[in-house]
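J.: Pasting protein_9.pdb below, which is PDB, C-alpha atoms, pLDDT in the B column.
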ATOM      1  CA  MET F  30      14.207  -6.245 -19.261  1.00 69.00           C
ATOM      2  CA  LEU F  31      11.245  -8.458 -18.395  1.00 78.00           C
ATOM      3  CA  VAL F  32      11.092  -6.984 -14.880  1.00 78.00           C
ATOM      4  CA  MET F  33      11.210  -3.427 -16.245  1.00 85.00           C
ATOM      5  CA  ALA F  34       8.451  -4.290 -18.726  1.00 85.00           C
ATOM      6  CA  TYR F  35       6.379  -5.722 -15.862  1.00 83.00           C
ATOM      7  CA  TYR F  36       6.775  -2.537 -13.799  1.00 86.00           C
ATOM      8  CA  SER F  37       5.961  -0.351 -16.807  1.00 90.00           C
ATOM      9  CA  VAL F  38       2.821  -2.299 -17.722  1.00 89.00           C
ATOM     10  CA  ILE F  39       1.562  -2.183 -14.128  1.00 88.00           C
ATOM     11  CA  LEU F  40       2.239   1.582 -14.023  1.00 92.00           C
ATOM     12  CA  VAL F  41       0.303   2.156 -17.251  1.00 94.00           C
ATOM     13  CA  LEU F  42      -2.591  -0.007 -16.019  1.00 91.00           C
ATOM     14  CA  SER F  43      -2.632   1.953 -12.768  1.00 91.00           C
ATOM     15  CA  LEU F  44      -2.744   5.226 -14.701  1.00 94.00           C
ATOM     16  CA  ILE F  45      -5.612   3.910 -16.841  1.00 94.00           C
ATOM     17  CA  CYS F  46      -7.506   2.940 -13.667  1.00 89.00           C
ATOM     18  CA  CYS F  47      -6.946   6.445 -12.250  1.00 90.00           C
ATOM     19  CA  CYS F  48      -8.288   7.988 -15.473  1.00 92.00           C
ATOM     20  CA  ILE F  49     -11.350   5.720 -15.472  1.00 91.00           C
ATOM     21  CA  TYR F  50     -11.969   6.559 -11.819  1.00 88.00           C
ATOM     22  CA  TYR F  51     -11.696  10.280 -12.578  1.00 88.00           C
ATOM     23  CA  TRP F  52     -14.015   9.968 -15.584  1.00 89.00           C
ATOM     24  CA  LYS F  53     -16.649   7.971 -13.699  1.00 86.00           C
ATOM     25  CA  LYS F  54     -16.500   9.911 -10.427  1.00 80.00           C
ATOM     26  CA  ARG F  55     -15.516  13.419 -11.526  1.00 71.00           C
ATOM     27  CA  ASN F  56     -18.711  14.899 -10.046  1.00 75.00           C
ATOM     28  CA  TYR F  57     -18.215  13.183  -6.695  1.00 77.00           C
ATOM     29  CA  TYR F  58     -14.963  11.933  -5.230  1.00 71.00           C
ATOM     30  CA  SER F  59     -14.838   9.654  -2.233  1.00 77.00           C
ATOM     31  CA  VAL F  60     -11.674  10.620  -0.368  1.00 85.00           C
ATOM     32  CA  ARG F  61     -10.945   7.012   0.567  1.00 84.00           C
ATOM     33  CA  TYR F  62     -11.249   5.677  -2.991  1.00 83.00           C
ATOM     34  CA  THR F  63      -9.234   8.605  -4.321  1.00 88.00           C
ATOM     35  CA  LEU F  64      -6.437   7.967  -1.807  1.00 90.00           C
ATOM     36  CA  ILE F  65      -6.323   4.306  -2.776  1.00 88.00           C
ATOM     37  CA  PHE F  66      -5.928   5.149  -6.468  1.00 89.00           C
ATOM     38  CA  ILE F  67      -3.290   7.806  -5.726  1.00 92.00           C
ATOM     39  CA  LEU F  68      -1.299   5.568  -3.355  1.00 93.00           C
ATOM     40  CA  ALA F  69      -1.399   2.665  -5.809  1.00 90.00           C
ATOM     41  CA  PHE F  70      -0.195   4.881  -8.665  1.00 93.00           C
ATOM     42  CA  LEU F  71       2.548   6.388  -6.458  1.00 95.00           C
ATOM     43  CA  SER F  72       3.773   2.909  -5.523  1.00 93.00           C
ATOM     44  CA  HIS F  73       3.855   1.703  -9.125  1.00 92.00           C
ATOM     45  CA  PHE F  74       5.630   4.874 -10.233  1.00 96.00           C
ATOM     46  CA  CYS F  75       8.222   4.389  -7.477  1.00 95.00           C
ATOM     47  CA  TYR F  76       8.849   0.778  -8.558  1.00 92.00           C
ATOM     48  CA  VAL F  77       9.714   2.070 -12.044  1.00 94.00           C
ATOM     49  CA  LEU F  78      11.981   4.785 -10.592  1.00 96.00           C
ATOM     50  CA  LEU F  79      13.652   2.258  -8.291  1.00 94.00           C
ATOM     51  CA  ALA F  80      14.359  -0.034 -11.243  1.00 92.00           C
ATOM     52  CA  LEU F  81      15.906   2.945 -13.078  1.00 94.00           C
ATOM     53  CA  SER F  82      18.039   4.047 -10.092  1.00 94.00           C
ATOM     54  CA  ARG F  83      21.766   4.227 -10.678  1.00 93.00           C
ATOM     55  CA  ASP F  84      23.166   4.717  -7.172  1.00 93.00           C
ATOM     56  CA  VAL F  85      22.275   3.685  -3.623  1.00 95.00           C
ATOM     57  CA  ARG F  86      21.340   7.179  -2.426  1.00 95.00           C
ATOM     58  CA  GLU F  87      18.879   7.669  -5.276  1.00 96.00           C
ATOM     59  CA  ALA F  88      17.411   4.199  -4.734  1.00 96.00           C
ATOM     60  CA  LEU F  89      16.981   4.818  -0.993  1.00 96.00           C
ATOM     61  CA  ILE F  90      15.125   8.078  -1.602  1.00 96.00           C
ATOM     62  CA  VAL F  91      12.795   6.381  -4.081  1.00 97.00           C
ATOM     63  CA  ASN F  92      12.356   3.477  -1.657  1.00 97.00           C
ATOM     64  CA  LYS F  93      11.218   5.894   1.062  1.00 97.00           C
ATOM     65  CA  PHE F  94       8.557   7.287  -1.276  1.00 97.00           C
ATOM     66  CA  LEU F  95       7.584   3.718  -2.146  1.00 95.00           C
ATOM     67  CA  TYR F  96       6.941   2.978   1.531  1.00 96.00           C
ATOM     68  CA  ILE F  97       4.353   5.790   1.665  1.00 97.00           C
ATOM     69  CA  GLY F  98       2.103   3.414  -0.230  1.00 93.00           C
ATOM     70  CA  GLY F  99       3.286   0.438   1.794  1.00 91.00           C
ATOM     71  CA  CYS F 100       2.579   2.082   5.146  1.00 95.00           C
ATOM     72  CA  PHE F 101      -0.635   3.979   4.336  1.00 95.00           C
ATOM     73  CA  PHE F 102      -2.395   1.915   1.628  1.00 91.00           C
ATOM     74  CA  PRO F 103      -3.539  -0.808   4.084  1.00 90.00           C
ATOM     75  CA  LEU F 104      -4.761   1.872   6.509  1.00 93.00           C
ATOM     76  CA  VAL F 105      -6.788   3.724   3.872  1.00 92.00           C
ATOM     77  CA  GLY F 106      -8.153   0.378   2.658  1.00 87.00           C
ATOM     78  CA  LEU F 107      -9.257  -0.449   6.195  1.00 90.00           C
ATOM     79  CA  PHE F 108     -10.949   2.941   6.541  1.00 91.00           C
ATOM     80  CA  LEU F 109     -12.713   2.334   3.219  1.00 87.00           C
ATOM     81  CA  VAL F 110     -14.011  -1.040   4.392  1.00 86.00           C
ATOM     82  CA  PHE F 111     -15.146   0.505   7.695  1.00 89.00           C
ATOM     83  CA  SER F 112     -16.979   3.199   5.728  1.00 86.00           C
ATOM     84  CA  ILE F 113     -18.693   0.733   3.387  1.00 85.00           C
ATOM     85  CA  CYS F 114     -19.670  -1.507   6.323  1.00 85.00           C
ATOM     86  CA  LYS F 115     -20.866   1.529   8.293  1.00 85.00           C
ATOM     87  CA  ILE F 116     -18.609   0.586  11.180  1.00 86.00           C
ATOM     88  CA  ARG F 117     -18.169   3.562  13.471  1.00 87.00           C
ATOM     89  CA  PHE F 118     -15.309   3.855  15.898  1.00 85.00           C
ATOM     90  CA  PRO F 119     -14.130   6.647  18.200  1.00 91.00           C
ATOM     91  CA  LYS F 120     -11.975   9.483  16.876  1.00 91.00           C
ATOM     92  CA  TRP F 121      -9.164   8.523  19.225  1.00 95.00           C
ATOM     93  CA  MET F 122      -8.991   5.098  17.567  1.00 94.00           C
ATOM     94  CA  HIS F 123      -8.915   6.745  14.132  1.00 93.00           C
ATOM     95  CA  PHE F 124      -6.043   8.918  15.368  1.00 96.00           C
ATOM     96  CA  ALA F 125      -4.243   5.926  16.943  1.00 96.00           C
ATOM     97  CA  LEU F 126      -4.324   3.955  13.662  1.00 96.00           C
ATOM     98  CA  ILE F 127      -2.965   6.939  11.722  1.00 97.00           C
ATOM     99  CA  ALA F 128      -0.304   7.494  14.388  1.00 97.00           C
ATOM    100  CA  PHE F 129       0.687   3.817  14.178  1.00 97.00           C
ATOM    101  CA  SER F 130       1.178   4.068  10.399  1.00 97.00           C
ATOM    102  CA  CYS F 131       3.142   7.310  10.851  1.00 97.00           C
ATOM    103  CA  LEU F 132       5.333   5.630  13.474  1.00 97.00           C
ATOM    104  CA  VAL F 133       6.074   2.759  11.094  1.00 97.00           C
ATOM    105  CA  TYR F 134       6.852   5.223   8.309  1.00 98.00           C
ATOM    106  CA  SER F 135       9.197   7.160  10.615  1.00 97.00           C
ATOM    107  CA  CYS F 136      11.140   3.897  11.029  1.00 97.00           C
ATOM    108  CA  VAL F 137      11.397   3.692   7.227  1.00 97.00           C
ATOM    109  CA  LEU F 138      12.887   7.192   7.116  1.00 97.00           C
ATOM    110  CA  THR F 139      15.863   6.042   9.215  1.00 96.00           C
ATOM    111  CA  ALA F 140      17.099   3.851   6.322  1.00 95.00           C
ATOM    112  CA  GLY F 141      20.549   4.966   5.272  1.00 92.00           C
ATOM    113  CA  TYR F 142      21.105   6.863   8.526  1.00 94.00           C
ATOM    114  CA  LEU F 143      20.568   4.353  11.332  1.00 95.00           C
ATOM    115  CA  PRO F 144      20.829   0.549  11.183  1.00 95.00           C
ATOM    116  CA  ILE F 145      17.409  -0.021  12.756  1.00 96.00           C
ATOM    117  CA  PHE F 146      15.130  -0.492   9.717  1.00 97.00           C
ATOM    118  CA  TYR F 147      17.835  -1.665   7.315  1.00 96.00           C
ATOM    119  CA  LYS F 148      21.163  -2.816   8.723  1.00 96.00           C
ATOM    120  CA  SER F 149      22.781  -2.395   5.326  1.00 94.00           C
ATOM    121  CA  VAL F 150      21.717  -1.387   1.830  1.00 95.00           C
ATOM    122  CA  ASP F 151      23.358  -1.829  -1.550  1.00 94.00           C
ATOM    123  CA  LEU F 152      22.240  -1.366  -5.144  1.00 94.00           C
ATOM    124  CA  GLU F 153      22.830  -4.162  -7.603  1.00 92.00           C
ATOM    125  CA  PHE F 154      21.956  -4.386 -11.255  1.00 90.00           C
ATOM    126  CA  VAL F 155      20.174  -7.521 -12.395  1.00 86.00           C
ATOM    127  CA  ASN F 156      19.545  -7.646 -16.139  1.00 81.00           C
ATOM    128  CA  GLY F 157      20.023  -3.861 -16.328  1.00 83.00           C
ATOM    129  CA  VAL F 158      17.473  -3.149 -13.583  1.00 89.00           C
ATOM    130  CA  GLY F 159      18.410  -1.560 -10.268  1.00 90.00           C
ATOM    131  CA  VAL F 160      17.600  -3.828  -7.318  1.00 90.00           C
ATOM    132  CA  LEU F 161      17.972  -2.637  -3.738  1.00 91.00           C
ATOM    133  CA  LYS F 162      19.650  -5.365  -1.687  1.00 92.00           C
ATOM    134  CA  LYS F 163      18.761  -4.928   1.974  1.00 93.00           C
ATOM    135  CA  GLU F 164      19.626  -6.567   5.240  1.00 95.00           C
ATOM    136  CA  TYR F 165      16.661  -5.935   7.503  1.00 96.00           C
ATOM    137  CA  GLY F 166      17.174  -4.350  10.890  1.00 96.00           C
ATOM    138  CA  PRO F 167      15.251  -5.040  14.101  1.00 95.00           C
ATOM    139  CA  LEU F 168      12.496  -2.460  13.449  1.00 95.00           C
ATOM    140  CA  HIS F 169      11.571  -3.835  10.026  1.00 95.00           C
ATOM    141  CA  VAL F 170       9.388  -6.330  11.850  1.00 96.00           C
ATOM    142  CA  VAL F 171       7.127  -3.400  12.844  1.00 96.00           C
ATOM    143  CA  TYR F 172       6.251  -2.962   9.155  1.00 95.00           C
ATOM    144  CA  ILE F 173       5.299  -6.651   8.860  1.00 93.00           C
ATOM    145  CA  VAL F 174       3.227  -6.342  12.056  1.00 95.00           C
ATOM    146  CA  GLU F 175       1.435  -3.320  10.563  1.00 95.00           C
ATOM    147  CA  ILE F 176       0.543  -5.180   7.357  1.00 90.00           C
ATOM    148  CA  ALA F 177      -0.606  -8.262   9.273  1.00 90.00           C
ATOM    149  CA  PHE F 178      -2.672  -6.154  11.708  1.00 94.00           C
ATOM    150  CA  PHE F 179      -4.446  -4.222   8.958  1.00 92.00           C
ATOM    151  CA  LEU F 180      -5.066  -7.415   6.978  1.00 86.00           C
ATOM    152  CA  GLU F 181      -6.681  -9.105   9.993  1.00 90.00           C
ATOM    153  CA  ALA F 182      -8.718  -6.000  10.854  1.00 91.00           C
ATOM    154  CA  THR F 183      -9.884  -5.694   7.252  1.00 87.00           C
ATOM    155  CA  LEU F 184     -10.870  -9.361   7.021  1.00 85.00           C
ATOM    156  CA  PHE F 185     -12.762  -9.074  10.317  1.00 89.00           C
ATOM    157  CA  ALA F 186     -14.585  -5.934   9.119  1.00 88.00           C
ATOM    158  CA  LEU F 187     -15.454  -7.566   5.778  1.00 85.00           C
ATOM    159  CA  VAL F 188     -16.878 -10.704   7.392  1.00 85.00           C
ATOM    160  CA  TRP F 189     -18.728  -8.671  10.032  1.00 86.00           C
ATOM    161  CA  GLY F 190     -20.156  -6.319   7.410  1.00 83.00           C
ATOM    162  CA  TRP F 191     -21.219  -9.189   5.145  1.00 81.00           C
ATOM    163  CA  LEU F 192     -22.956 -11.088   7.947  1.00 84.00           C
ATOM    164  CA  LYS F 193     -24.324  -8.302  10.138  1.00 83.00           C
ATOM    165  CA  LYS F 194     -25.133  -5.500   7.675  1.00 79.00           C
ATOM    166  CA  PRO F 195     -27.457  -6.822   4.966  1.00 76.00           C
ATOM    167  CA  GLU F 196     -28.302  -3.269   3.862  1.00 80.00           C
ATOM    168  CA  ILE F 197     -24.791  -2.420   2.658  1.00 81.00           C
ATOM    169  CA  SER F 198     -23.833  -2.652  -1.002  1.00 79.00           C
ATOM    170  CA  ARG F 199     -22.407  -6.112  -1.647  1.00 79.00           C
ATOM    171  CA  ARG F 200     -20.830  -4.817  -4.858  1.00 82.00           C
ATOM    172  CA  HIS F 201     -18.914  -2.047  -3.069  1.00 78.00           C
ATOM    173  CA  LEU F 202     -17.935  -4.459  -0.332  1.00 78.00           C
ATOM    174  CA  ALA F 203     -16.633  -6.986  -2.869  1.00 80.00           C
ATOM    175  CA  ILE F 204     -14.627  -4.300  -4.716  1.00 77.00           C
ATOM    176  CA  ALA F 205     -13.097  -3.005  -1.481  1.00 72.00           C
ATOM    177  CA  ALA F 206     -12.350  -6.545  -0.319  1.00 73.00           C
ATOM    178  CA  PHE F 207     -10.635  -7.391  -3.584  1.00 77.00           C
ATOM    179  CA  MET F 208      -8.539  -4.202  -3.610  1.00 72.00           C
ATOM    180  CA  GLN F 209      -7.399  -4.554  -0.026  1.00 67.00           C
ATOM    181  CA  VAL F 210      -6.857  -8.288   0.294  1.00 68.00           C
ATOM    182  CA  PHE F 211      -5.326  -8.737  -3.168  1.00 73.00           C
ATOM    183  CA  SER F 212      -2.757  -5.993  -2.608  1.00 70.00           C
ATOM    184  CA  ILE F 213      -1.601  -7.431   0.703  1.00 65.00           C
ATOM    185  CA  PHE F 214      -1.541 -11.051  -0.469  1.00 67.00           C
ATOM    186  CA  ALA F 215       0.227 -10.006  -3.689  1.00 66.00           C
ATOM    187  CA  TYR F 216       2.994  -8.493  -1.574  1.00 65.00           C
ATOM    188  CA  PHE F 217       3.614 -11.696   0.380  1.00 67.00           C
ATOM    189  CA  ILE F 218       3.024 -14.140  -2.486  1.00 66.00           C
ATOM    190  CA  GLY F 219       5.137 -12.090  -4.908  1.00 59.00           C
ATOM    191  CA  ARG F 220       8.033 -12.002  -2.457  1.00 63.00           C
ATOM    192  CA  ALA F 221       7.735 -15.741  -1.878  1.00 67.00           C
ATOM    193  CA  ILE F 222       7.975 -16.444  -5.636  1.00 60.00           C
ATOM    194  CA  THR F 223      10.807 -14.086  -6.592  1.00 61.00           C
ATOM    195  CA  LYS F 224      12.878 -11.279  -5.137  1.00 62.00           C
ATOM    196  CA  ASP F 225      13.301  -9.682  -8.585  1.00 64.00           C
ATOM    197  CA  ILE F 226       9.799  -8.154  -8.558  1.00 65.00           C
TER     198      ILE F 226
END
Starting from the coordinates I provided, produce the structure as structure tokens.

T.:
Amino acid sequence: MLVMAYYSVILVLSLICCCIYYWKKRNYYSVRYTLIFILAFLSHFCYVLLALSRDVREALIVNKFLYIGGCFFPLVGLFLVFSICKIRFPKWMHFALIAFSCLVYSCVLTAGYLPIFYKSVDLEFVNGVGVLKKEYGPLHVVYIVEIAFFLEATLFALVWGWLKKPEISRRHLAIAAFMQVFSIFAYFIGRAITKDI
């Protein structure tokens, strides 16, 4: 029940953050910030649903929704950092980054149908919480490459913006840096500590 409590608390905190964001920015919404809040809330909601799943099919469907955040959150975070740092890049590169994330997500959608993203999937119950047990397939590495690529690009943009653009808001840059880097490191560090969360 501790894991379920953890997921529930994080979901409620995410909802509170969304409400605060709406209250503070209701007259002007930055699309990038809004997408980050929505993707974070969607991911937390899916973690709760995954923990409540009672069969493999249901868990796989929820897992595919969960990967929407996993595949597109780092991209939106990178775009936010580019925007704050006033880094301009060609439209074709913008399209290529979106296409890359879509390609990775299309690999996710094969789970349960083809053994290329997950070789096998099963649902186990640990302390009353549904846990998806997966054996990763050969294309799962593409997801790790995506996360690593966006992390490196974001860190580069943050350092470049901090050093080369003294006119940009340091506060906004620090907030964006924290949101992006913390979420990616939390994924890797959390998985290194325990597979239950």

J.: Once the PyMOL selection byres ((chain F and resi 76-82) around 6) is applied to the coordinates I shared, what remains selected? I want it as a PDB file with C-alpha atoms, keeping the file's coordinate frame.

T.:
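Dumped to part_20.pdb:
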ATOM      1  CA  TYR F  36       6.775  -2.537 -13.799  1.00 86.00           C
ATOM      2  CA  HIS F  73       3.855   1.703  -9.125  1.00 92.00           C
ATOM      3  CA  PHE F  74       5.630   4.874 -10.233  1.00 96.00           C
ATOM      4  CA  CYS F  75       8.222   4.389  -7.477  1.00 95.00           C
ATOM      5  CA  ARG F  83      21.766   4.227 -10.678  1.00 93.00           C
ATOM      6  CA  ASP F  84      23.166   4.717  -7.172  1.00 93.00           C
ATOM      7  CA  ALA F  88      17.411   4.199  -4.734  1.00 96.00           C
ATOM      8  CA  VAL F  91      12.795   6.381  -4.081  1.00 97.00           C
ATOM      9  CA  VAL F 158      17.473  -3.149 -13.583  1.00 89.00           C
ATOM     10  CA  GLY F 159      18.410  -1.560 -10.268  1.00 90.00           C
TER      11      GLY F 159
END

J.: Report the residues retrieved by the PyMOL selection byres ((chain F and resi 141) around 12) from the displayed file, expressed as a PDB file with C-alpha atoms, keeping the file's coordinate frame.

T.:
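Saved to part.pdb:
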ATOM      1  CA  VAL F  85      22.275   3.685  -3.623  1.00 95.00           C
ATOM      2  CA  ARG F  86      21.340   7.179  -2.426  1.00 95.00           C
ATOM      3  CA  GLU F  87      18.879   7.669  -5.276  1.00 96.00           C
ATOM      4  CA  ALA F  88      17.411   4.199  -4.734  1.00 96.00           C
ATOM      5  CA  LEU F  89      16.981   4.818  -0.993  1.00 96.00           C
ATOM      6  CA  ILE F  90      15.125   8.078  -1.602  1.00 96.00           C
ATOM      7  CA  ASN F  92      12.356   3.477  -1.657  1.00 97.00           C
ATOM      8  CA  LYS F  93      11.218   5.894   1.062  1.00 97.00           C
ATOM      9  CA  CYS F 136      11.140   3.897  11.029  1.00 97.00           C
ATOM     10  CA  VAL F 137      11.397   3.692   7.227  1.00 97.00           C
ATOM     11  CA  LEU F 138      12.887   7.192   7.116  1.00 97.00           C
ATOM     12  CA  THR F 139      15.863   6.042   9.215  1.00 96.00           C
ATOM     13  CA  ALA F 140      17.099   3.851   6.322  1.00 95.00           C
ATOM     14  CA  TYR F 142      21.105   6.863   8.526  1.00 94.00           C
ATOM     15  CA  LEU F 143      20.568   4.353  11.332  1.00 95.00           C
ATOM     16  CA  PRO F 144      20.829   0.549  11.183  1.00 95.00           C
ATOM     17  CA  ILE F 145      17.409  -0.021  12.756  1.00 96.00           C
ATOM     18  CA  PHE F 146      15.130  -0.492   9.717  1.00 97.00           C
ATOM     19  CA  TYR F 147      17.835  -1.665   7.315  1.00 96.00           C
ATOM     20  CA  LYS F 148      21.163  -2.816   8.723  1.00 96.00           C
ATOM     21  CA  SER F 149      22.781  -2.395   5.326  1.00 94.00           C
ATOM     22  CA  VAL F 150      21.717  -1.387   1.830  1.00 95.00           C
ATOM     23  CA  ASP F 151      23.358  -1.829  -1.550  1.00 94.00           C
ATOM     24  CA  LYS F 163      18.761  -4.928   1.974  1.00 93.00           C
ATOM     25  CA  GLU F 164      19.626  -6.567   5.240  1.00 95.00           C
ATOM     26  CA  TYR F 165      16.661  -5.935   7.503  1.00 96.00           C
ATOM     27  CA  GLY F 166      17.174  -4.350  10.890  1.00 96.00           C
TER      28      GLY F 166
END

J.: Atom CA of F:Lys115 to atom CA of F:Leu184: how many Å, to one decimal?

T.: 14.8 Å

J.: Considering only C-alpha atoms, return as a VMD selection string whatever protein or nucleic-acid residues lie within 10 Å of F:Ile65, sequence-local ones (same chain, fewer than 4 positions apart) excluded.

T.: chain F and resid 47 60 to 61 69 to 71 98 101 to 106 109 208 to 209

J.: Please indicate the distance in Å from atom CA of F:Leu31 to atom CA of F:Gly157, rounded to one decimal place.

T.: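 Here the two named atoms are 10.1 Å from each other.
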
J.: Compare F:Leu180, F:Ala34, F:Leu187, F:Cys114 by their minimum atom-to-atom distance to F:Phe211, counting all atoms listed in the file, and give me the closest one.

T.: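 Of the candidates, the smallest distance to F:Phe211 is held by F:Leu180.
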
J.: Can you take the partial stretch 128-147 of chain F, add N, CA, C and O atoms, and return it as a tab-separated table (two decimals), in the coordinates of the input?

T.:
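Once everything was written out, this is part_12.tsv:
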chain	number	residue	atom	x	y	z
F	128	ALA	N	-1.57	7.32	13.68
F	128	ALA	CA	-0.30	7.49	14.39
F	128	ALA	C	0.57	6.25	14.27
F	128	ALA	O	1.79	6.35	14.11
F	129	PHE	N	-0.05	5.07	14.33
F	129	PHE	CA	0.69	3.82	14.18
F	129	PHE	C	1.35	3.75	12.81
F	129	PHE	O	2.53	3.43	12.70
F	130	SER	N	0.60	4.08	11.75
F	130	SER	CA	1.18	4.07	10.40
F	130	SER	C	2.29	5.11	10.28
F	130	SER	O	3.31	4.85	9.64
F	131	CYS	N	2.10	6.27	10.88
F	131	CYS	CA	3.14	7.31	10.85
F	131	CYS	C	4.39	6.85	11.60
F	131	CYS	O	5.52	7.13	11.16
F	132	LEU	N	4.20	6.15	12.71
F	132	LEU	CA	5.33	5.63	13.47
F	132	LEU	C	6.12	4.63	12.63
F	132	LEU	O	7.36	4.67	12.59
F	133	VAL	N	5.41	3.74	11.95
F	133	VAL	CA	6.07	2.76	11.09
F	133	VAL	C	6.83	3.48	9.98
F	133	VAL	O	7.99	3.16	9.69
F	134	TYR	N	6.19	4.49	9.39
F	134	TYR	CA	6.85	5.22	8.31
F	134	TYR	C	8.08	5.98	8.82
F	134	TYR	O	9.08	6.10	8.11
F	135	SER	N	8.02	6.48	10.06
F	135	SER	CA	9.20	7.16	10.62
F	135	SER	C	10.37	6.19	10.76
F	135	SER	O	11.53	6.58	10.62
F	136	CYS	N	10.08	4.91	11.00
F	136	CYS	CA	11.14	3.90	11.03
F	136	CYS	C	11.76	3.75	9.64
F	136	CYS	O	12.98	3.61	9.51
F	137	VAL	N	10.91	3.79	8.62
F	137	VAL	CA	11.40	3.69	7.23
F	137	VAL	C	12.37	4.83	6.93
F	137	VAL	O	13.39	4.63	6.27
F	138	LEU	N	12.07	6.01	7.42
F	138	LEU	CA	12.89	7.19	7.12
F	138	LEU	C	14.29	7.12	7.71
F	138	LEU	O	15.17	7.88	7.31
F	139	THR	N	14.52	6.19	8.63
F	139	THR	CA	15.86	6.04	9.22
F	139	THR	C	16.81	5.28	8.29
F	139	THR	O	18.03	5.27	8.53
F	140	ALA	N	16.27	4.64	7.24
F	140	ALA	CA	17.10	3.85	6.32
F	140	ALA	C	18.20	4.72	5.72
F	140	ALA	O	17.94	5.81	5.24
F	141	GLY	N	19.40	4.22	5.79
F	141	GLY	CA	20.55	4.97	5.27
F	141	GLY	C	21.23	5.84	6.32
F	141	GLY	O	22.33	6.33	6.10
F	142	TYR	N	20.55	6.04	7.45
F	142	TYR	CA	21.10	6.86	8.53
F	142	TYR	C	21.38	6.04	9.78
F	142	TYR	O	22.41	6.20	10.42
F	143	LEU	N	20.44	5.20	10.15
F	143	LEU	CA	20.57	4.35	11.33
F	143	LEU	C	20.33	2.90	10.92
F	143	LEU	O	19.49	2.62	10.06
F	144	PRO	N	21.00	1.96	11.56
F	144	PRO	CA	20.83	0.55	11.18
F	144	PRO	C	19.66	-0.13	11.90
F	144	PRO	O	19.77	-1.27	12.33
F	145	ILE	N	18.53	0.57	12.02
F	145	ILE	CA	17.41	-0.02	12.76
F	145	ILE	C	16.31	-0.57	11.84
F	145	ILE	O	15.65	-1.53	12.18
F	146	PHE	N	16.11	0.04	10.67
F	146	PHE	CA	15.13	-0.49	9.72
F	146	PHE	C	15.84	-1.38	8.70
F	146	PHE	O	15.39	-2.49	8.41
F	147	TYR	N	16.93	-0.87	8.14
F	147	TYR	CA	17.84	-1.66	7.32
F	147	TYR	C	19.21	-1.63	7.97
F	147	TYR	O	19.71	-0.54	8.26
